[in-house]
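Asks: Mind looking over this structure? Questions follow.
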Amino acid sequence: MPMRIPPGAEPVQITCVNHISRETADVERLRRFYSTVLGLKAVRRPDFGFGGAWLEIQPGISLHIIELDPDKPTAQGRHPVQDADLTDAGRLPERFIRRSHHVALTVPDIGAAKASLEAHGVRYAENAVPGTSYVQLFFHDPDGNGVEIGNFDALL
């Protein structure tokens, strides 16, 4: 059924992205991955009464790692489906990662990013965007969430 928009209803005015969240059963493992492999720095996080960590992507934009609520329902009693379940842990062609849920981050030097991922033992798929100088690298964090990094500041 199509969404009905009331006459005269104005859209919400978004000024920026504040944060991206990742839910996990192992906050420390995911925090360590994003801080060690991707270099994100920890920032102060209020005590919400459950585990978590905040990491700064850039000033004003952060990654919120949130402890999985043990009472959260799952489909048919299974664990929540992760991107890695859908892409066979990154073993399928990169188009399956690229066209799935992921967060995309800009890097200044795609060659250095490849070398760093390789040094950390992170498997990635690579895509050169036709007609541009963009190179995308796709991989999964330890919980199976899709991550893309690219040289998106490069000139088209």
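Scheme for the structure tokens: letters A, B, ... for chains in order shown; per-chain residue numbers from 1; ligand numbers from 1 in order shown.
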Excluding Glu67 (chain A) and any residue of its chain fewer than 2 positions from it, enumerate the residues within 9 Å of it, using only C-alpha atoms, and give them as a ChimeraX atom specification.
Replies: /A:22-27,50-53,65,69-70
Asks: So that I can check the secondary structure, give me every residue of chain A assigned helix (DSSP H, G or I) by backbone DSSP, as a PyMOL selection string.
Replies: chain A and resi 27-36+75-77+83-86+94-98+110-119
Asks: If we count only C-alpha atoms, what is near Thr15 (chain A) at a cut-off of 12 Å, once residues fewer than 3 positions away on the same chain are taken out, given as an MDAnalysis selection string?
Replies: chainID A and resid 12 18 60
Asks: As a ChimeraX atom specification, list the residues of region 10-145 of chain A assigned to strand (DSSP E or B) by DSSP on the backbone atoms of this structure.
Replies: /A:19-24,41-43,52-58,61-67,102-106,125-128,135-140
Asks: Could the residues in this selection be written to a file with N, CA, C and O atoms, as a short mmCIF file (atom, residue, chain, number, x, y, z; two decimals), in the first residue's frame?
Replies:
data_model
loop_
_atom_site.label_atom_id
_atom_site.label_comp_id
_atom_site.auth_asym_id
_atom_site.auth_seq_id
_atom_site.Cartn_x
_atom_site.Cartn_y
_atom_site.Cartn_z
N HIS A 19 25.33 9.55 14.25
CA HIS A 19 26.04 8.31 14.55
C HIS A 19 25.45 7.15 13.76
O HIS A 19 24.36 7.22 13.23
N ILE A 20 26.24 6.10 13.71
CA ILE A 20 25.87 4.81 13.15
C ILE A 20 25.98 3.84 14.30
O ILE A 20 26.90 3.93 15.11
N SER A 21 25.06 2.90 14.40
CA SER A 21 25.16 1.96 15.52
C SER A 21 25.35 0.54 15.01
O SER A 21 24.90 0.18 13.93
N ARG A 22 26.03 -0.24 15.83
CA ARG A 22 26.24 -1.66 15.60
C ARG A 22 25.90 -2.37 16.90
O ARG A 22 26.45 -2.05 17.95
N GLU A 23 25.02 -3.34 16.82
CA GLU A 23 24.62 -4.13 17.99
C GLU A 23 25.49 -5.38 18.04
O GLU A 23 25.77 -5.99 17.00
N THR A 24 25.92 -5.76 19.25
CA THR A 24 26.83 -6.90 19.37
C THR A 24 26.69 -7.61 20.71
O THR A 24 26.31 -6.98 21.71
N LYS A 41 38.87 6.44 17.35
CA LYS A 41 39.23 6.79 18.73
C LYS A 41 38.00 6.77 19.63
O LYS A 41 36.93 7.24 19.24
N ALA A 42 38.17 6.28 20.86
CA ALA A 42 37.08 6.24 21.84
C ALA A 42 36.71 7.65 22.27
O ALA A 42 37.58 8.51 22.41
N VAL A 43 35.42 7.88 22.44
CA VAL A 43 34.92 9.13 23.00
C VAL A 43 34.02 8.79 24.18
O VAL A 43 33.54 7.66 24.31
N GLY A 52 28.42 -0.79 26.11
CA GLY A 52 28.60 -0.15 24.82
C GLY A 52 29.88 0.64 24.76
O GLY A 52 30.59 0.78 25.76
N ALA A 53 30.15 1.18 23.59
CA ALA A 53 31.32 2.04 23.38
C ALA A 53 30.99 2.99 22.25
O ALA A 53 30.26 2.65 21.33
N TRP A 54 31.53 4.22 22.35
CA TRP A 54 31.40 5.19 21.28
C TRP A 54 32.78 5.45 20.71
O TRP A 54 33.74 5.68 21.46
N LEU A 55 32.86 5.44 19.38
CA LEU A 55 34.11 5.71 18.68
C LEU A 55 33.88 6.81 17.66
O LEU A 55 32.88 6.78 16.93
N GLU A 56 34.81 7.76 17.59
CA GLU A 56 34.64 8.88 16.67
C GLU A 56 35.11 8.51 15.27
O GLU A 56 36.23 8.05 15.07
N ILE A 57 34.22 8.71 14.28
CA ILE A 57 34.56 8.52 12.87
C ILE A 57 35.22 9.79 12.35
O ILE A 57 36.26 9.76 11.70
N GLN A 58 34.59 10.91 12.65
CA GLN A 58 35.12 12.25 12.38
C GLN A 58 34.41 13.16 13.35
O GLN A 58 33.42 12.76 13.95
N ILE A 61 30.53 12.86 14.16
CA ILE A 61 29.94 11.61 13.68
C ILE A 61 30.66 10.45 14.37
O ILE A 61 31.88 10.36 14.34
N SER A 62 29.88 9.59 15.00
CA SER A 62 30.50 8.50 15.74
C SER A 62 29.84 7.16 15.43
O SER A 62 28.77 7.09 14.84
N LEU A 63 30.54 6.13 15.83
CA LEU A 63 30.04 4.76 15.75
C LEU A 63 29.66 4.36 17.16
O LEU A 63 30.48 4.44 18.07
N HIS A 64 28.41 3.96 17.36
CA HIS A 64 27.95 3.51 18.66
C HIS A 64 27.88 1.99 18.64
O HIS A 64 27.10 1.41 17.87
N ILE A 65 28.69 1.36 19.44
CA ILE A 65 28.66 -0.09 19.61
C ILE A 65 27.77 -0.36 20.81
O ILE A 65 28.02 0.15 21.90
N ILE A 66 26.72 -1.14 20.58
CA ILE A 66 25.67 -1.32 21.58
C ILE A 66 25.57 -2.80 21.96
O ILE A 66 25.49 -3.67 21.08
N GLU A 67 25.60 -3.05 23.27
CA GLU A 67 25.48 -4.43 23.76
C GLU A 67 24.11 -4.99 23.40
O GLU A 67 23.07 -4.37 23.65
N HIS A 102 25.63 -1.99 4.80
CA HIS A 102 27.01 -1.70 5.18
C HIS A 102 27.15 -0.23 5.52
O HIS A 102 26.29 0.58 5.21
N VAL A 103 28.24 0.10 6.16
CA VAL A 103 28.60 1.49 6.42
C VAL A 103 29.80 1.77 5.52
O VAL A 103 30.67 0.92 5.35
N ALA A 104 29.83 2.97 4.91
CA ALA A 104 30.93 3.34 4.02
C ALA A 104 31.74 4.46 4.65
O ALA A 104 31.18 5.46 5.11
N LEU A 105 33.06 4.30 4.65
CA LEU A 105 33.98 5.26 5.25
C LEU A 105 35.02 5.68 4.21
O LEU A 105 35.48 4.86 3.42
N THR A 106 35.39 6.95 4.23
CA THR A 106 36.37 7.49 3.29
C THR A 106 37.77 7.38 3.86
O THR A 106 37.98 7.67 5.04
N ALA A 125 37.03 -7.61 -0.45
CA ALA A 125 36.77 -7.66 -1.89
C ALA A 125 36.95 -6.25 -2.42
O ALA A 125 36.69 -5.28 -1.72
N GLU A 126 37.42 -6.15 -3.64
CA GLU A 126 37.74 -4.84 -4.23
C GLU A 126 36.87 -4.58 -5.45
O GLU A 126 36.60 -5.49 -6.23
N ASN A 127 36.45 -3.33 -5.61
CA ASN A 127 35.69 -2.92 -6.78
C ASN A 127 36.20 -1.57 -7.25
O ASN A 127 36.28 -0.62 -6.47
N ALA A 128 36.58 -1.50 -8.53
CA ALA A 128 36.94 -0.22 -9.15
C ALA A 128 35.67 0.30 -9.82
O ALA A 128 35.07 -0.40 -10.65
N VAL A 135 37.94 3.55 -5.77
CA VAL A 135 38.17 2.14 -5.48
C VAL A 135 37.47 1.85 -4.15
O VAL A 135 37.63 2.59 -3.19
N GLN A 136 36.67 0.80 -4.13
CA GLN A 136 35.94 0.40 -2.93
C GLN A 136 36.50 -0.92 -2.42
O GLN A 136 36.77 -1.83 -3.21
N LEU A 137 36.64 -1.01 -1.10
CA LEU A 137 37.04 -2.26 -0.44
C LEU A 137 35.90 -2.66 0.48
O LEU A 137 35.43 -1.84 1.28
N PHE A 138 35.44 -3.90 0.37
CA PHE A 138 34.33 -4.40 1.17
C PHE A 138 34.81 -5.54 2.05
O PHE A 138 35.52 -6.44 1.59
N PHE A 139 34.39 -5.52 3.32
CA PHE A 139 34.74 -6.58 4.26
C PHE A 139 33.72 -6.60 5.38
O PHE A 139 32.77 -5.82 5.38
N HIS A 140 33.89 -7.52 6.30
CA HIS A 140 32.98 -7.64 7.44
C HIS A 140 33.76 -7.43 8.74
O HIS A 140 34.91 -7.83 8.84
#
Asks: Figure out the distance between CA of Phe33 (chain A) and CA of Gly111 (chain A), please, to one decimal in Å.
Replies: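 Distance reported for this atom pair: 19.8 Å.
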